[in-house]
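Visitor: The structure under discussion is supplied below as structure tokens; questions concerning it will follow.
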Amino acid sequence: MVAVTIYLSIANMKGGVGKSTTAMMLADTLSAHHRQRVLVVDCDAQANCSQMILGSQGLRAAAGQRATLTHWLEDIVEKGSGDFFGAVRPCASGLEEIRINRSSSGAPGFGDVALVPATPELRFAELAFDHKSFDKRDSSRPRQQLHAHLCQGLSSLGSFYDVVIFDCPPGFTTIAQAALIASNAVISPINEDPVSLWSLVAFRDFGLTRTLDKWEANAHRVLFTKVNSAGAAAARAKVRSDVRSAGFNMLPVHIRHVSQAVKWVQRPAADSYSTFAEKYGPARQEVQALGQATMEFLAGVNVQGEANV
Amino acid sequence: MSERTRLPPQLALNRFLDAVRDEAATNPGFRGRLLEALAIEIYIEGEEEISAVDPIGLARSKSEATFRRVYSQLNATALRAVLRDADLATATDLKGQTKASLIDMLWSRSRSRAAERGLE
């Protein structure tokens with residue numbers, strides 16, 4: 001059982017490996033099967049996670065109310081501070097089980113999912129922040145300053161959430177760095193191909209270790225996603241073997257490639273709901289196993305020692 | 001088709017139009033696209049014709065009254081199929097809905113999707 005807020009980054013430098021889908025899956029299974037109150041912070045200007053959780057209409061509504069990470073960061077650039085608390089969209093889960101539980105008082109069987117959404121303009125707000133905080137004598141200044149703002153924002157939430165999930169963008173942007181500094185643990189989704197592993201090694205060696213001085217094997221897990229068991233078995237086995245040889249720990253579960261992924265991209269409407277089984281179809285047991293494996297992983301993370309919020 | 005054939009212009013056009021007509025007769029989706037491109041008032045009736053129409057395009061181009069008149073010809077099972085095929089509803093959303101509430105859902109979500117796509 002998680003006792004205090006845990007900050008978990010879903011991060012890897014390579015795009016298209018399933019980071020946002022993993023973030024959404026984890027939010028769903030941790031809330032529905034482990035009673036966790038989960039906050040997802042979408043740090044990615046692609047806004048995939050926001051669209052999957054809120055739907056396009058819900059995301060537009062949040063943007064209309066200036067309740068997004070983009071607006072928080074724009075306000076920091078323009079006014080020196082932003083309202084992180086006001087950017088949180090509570091009760092954002094699209095799971096029918098959680099909606100029913102929410103409407104029936106006195107049945108605290110599940111947690112819920114809240115979201116700080118992102119919009120495509122986030123990247124430009126981040127660039128403005130980078131330019132404003134640039135210091136040629138100290139290249140770490142933008143990430144340190146953004147980390148301080150992020151910590152201030154997260155502190156405004158108190159200890160209401162059990163798990164905060166940062167859905168990091170591809171690459172190694174300032175927001176991603178701030179989120180990684182704040183995190184107790186990291187899960188890196190990768191695909192079974194050699195370039196995914198190459199990217200993962202660069203992420204660890206150049207990013208977490210050299211740039212942030214933060215990598216620790218026990219606080220980092222690799223998750224294979226979009227696994228297609230047809231063909232190229234030897235090549236895929238070699239990637240897994242190479243991941244182990246490179247010193248990474250893997251979660252004891254993988255997520256298969258399923259056609260449902262196409263539908264995850266868009267919630268049909270802001271008031272649309274799916275059961276867990278309907279949403280994840282043939283991958284539902286794997287998603288549930290991912291939740292269990294993640295809870296076991298997080299239970300072994302040194303929360304007090306590693307937290308940087 | 002590897003050899004080029006010399007044809008009189010009218011015969012070439014007839015062959016082309018025959019191919020379009022044959023495809024439109026057997027492919028409801030293609031027929032729907034042709035009718036939409038014509039941009040004239042078409043009377044749509046029958047489950048097959050209505051099911052082939054894109055509800056989002058119809059919500060954009062027709063009045064609410066026309067939209068409801070068209071879809072009121074379908075039974076609840078066919079309306080559920082239209083909503084699911086257009087990714088406008090999940091199975092959970094469709095559970096326990098009456099024909100009237102399905103038409104309401106189809107109208108409101110088709111309008112919202114059209115707005116999302118900038119088709120308003």
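Identifiers for the structure tokens are assigned positionally: chains receive A, B, ... in sequence, residues are indexed from 1 per chain, and ligands are indexed from 1 in the order shown.
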Counting only C-alpha atoms, which residues in chain A sit no more than 10 Å from chain B? For each one, give the nearest pair of atoms and the distance in Å, sorted by chain then residue number, as a Markdown table.
Guide:
```
| residue | atom | partner | partner_atom | distance |
| --- | --- | --- | --- | --- |
| A:Ser56 | CA | B:Glu116 | CA | 7.1 |
| A:Gln57 | CA | B:Glu116 | CA | 7.2 |
| A:Arg60 | CA | B:Glu116 | CA | 8.9 |
| A:Leu95 | CA | B:Thr92 | CA | 9.6 |
| A:Glu96 | CA | B:Thr92 | CA | 7.5 |
| A:Lys263 | CA | B:Asp87 | CA | 8.1 |
| A:Gln266 | CA | B:Asp87 | CA | 8.7 |
| A:Arg267 | CA | B:Ala89 | CA | 8.6 |
| A:Pro268 | CA | B:Leu88 | CA | 4.9 |
| A:Ala269 | CA | B:Arg109 | CA | 6.9 |
| A:Ala270 | CA | B:Arg109 | CA | 9.6 |
| A:Asp271 | CA | B:Asp93 | CA | 8.7 |
| A:Ser272 | CA | B:Asp93 | CA | 6.1 |
| A:Tyr273 | CA | B:Asp93 | CA | 6.1 |
| A:Ser274 | CA | B:Thr92 | CA | 5.3 |
| A:Thr275 | CA | B:Thr92 | CA | 6.7 |
| A:Glu278 | CA | B:Ala91 | CA | 7.6 |
| A:Lys279 | CA | B:Thr90 | CA | 8.7 |
```
Visitor: Check the DSSP output for the backbone and give back, as a PyMOL selection string, the residues of chain B in helix (DSSP H, G or I).
Guide: chain B and resi 9-26+28-38+47-52+55-61+64-71+76-85+91-94+99-116
Visitor: Just list the residues in segment 14-195 of chain A DSSP gives strand (DSSP E or B) on the backbone, as a list in words.
Guide: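 Selecting the strand (DSSP E or B) positions of segment 14-195 of chain A gives Val38, Leu39, Val40, Val41, Asp42, Arg89, Leu95, Val113, Ala114, Leu115, Val116, Val163, Val164, Ile165, Phe166, Asp167, Ala185, Val186, Ile187, Ser188, Pro189 and Ile190 of chain A.
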Visitor: Interatomic distance between atom CA of Ala178 of chain A and atom CA of Gln144 of chain A?
Guide: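 Computed distance, atom CA of Ala178 of chain A to atom CA of Gln144 of chain A, equals 7.0 Å.
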Visitor: What's the 12 Å shell around Thr98 of chain B, counting only C-alpha atoms, without same-chain residues fewer than 4 positions away, as a PyMOL selection string?
Guide: chain B and resi 72+75-77+79-80+93-94+102-105
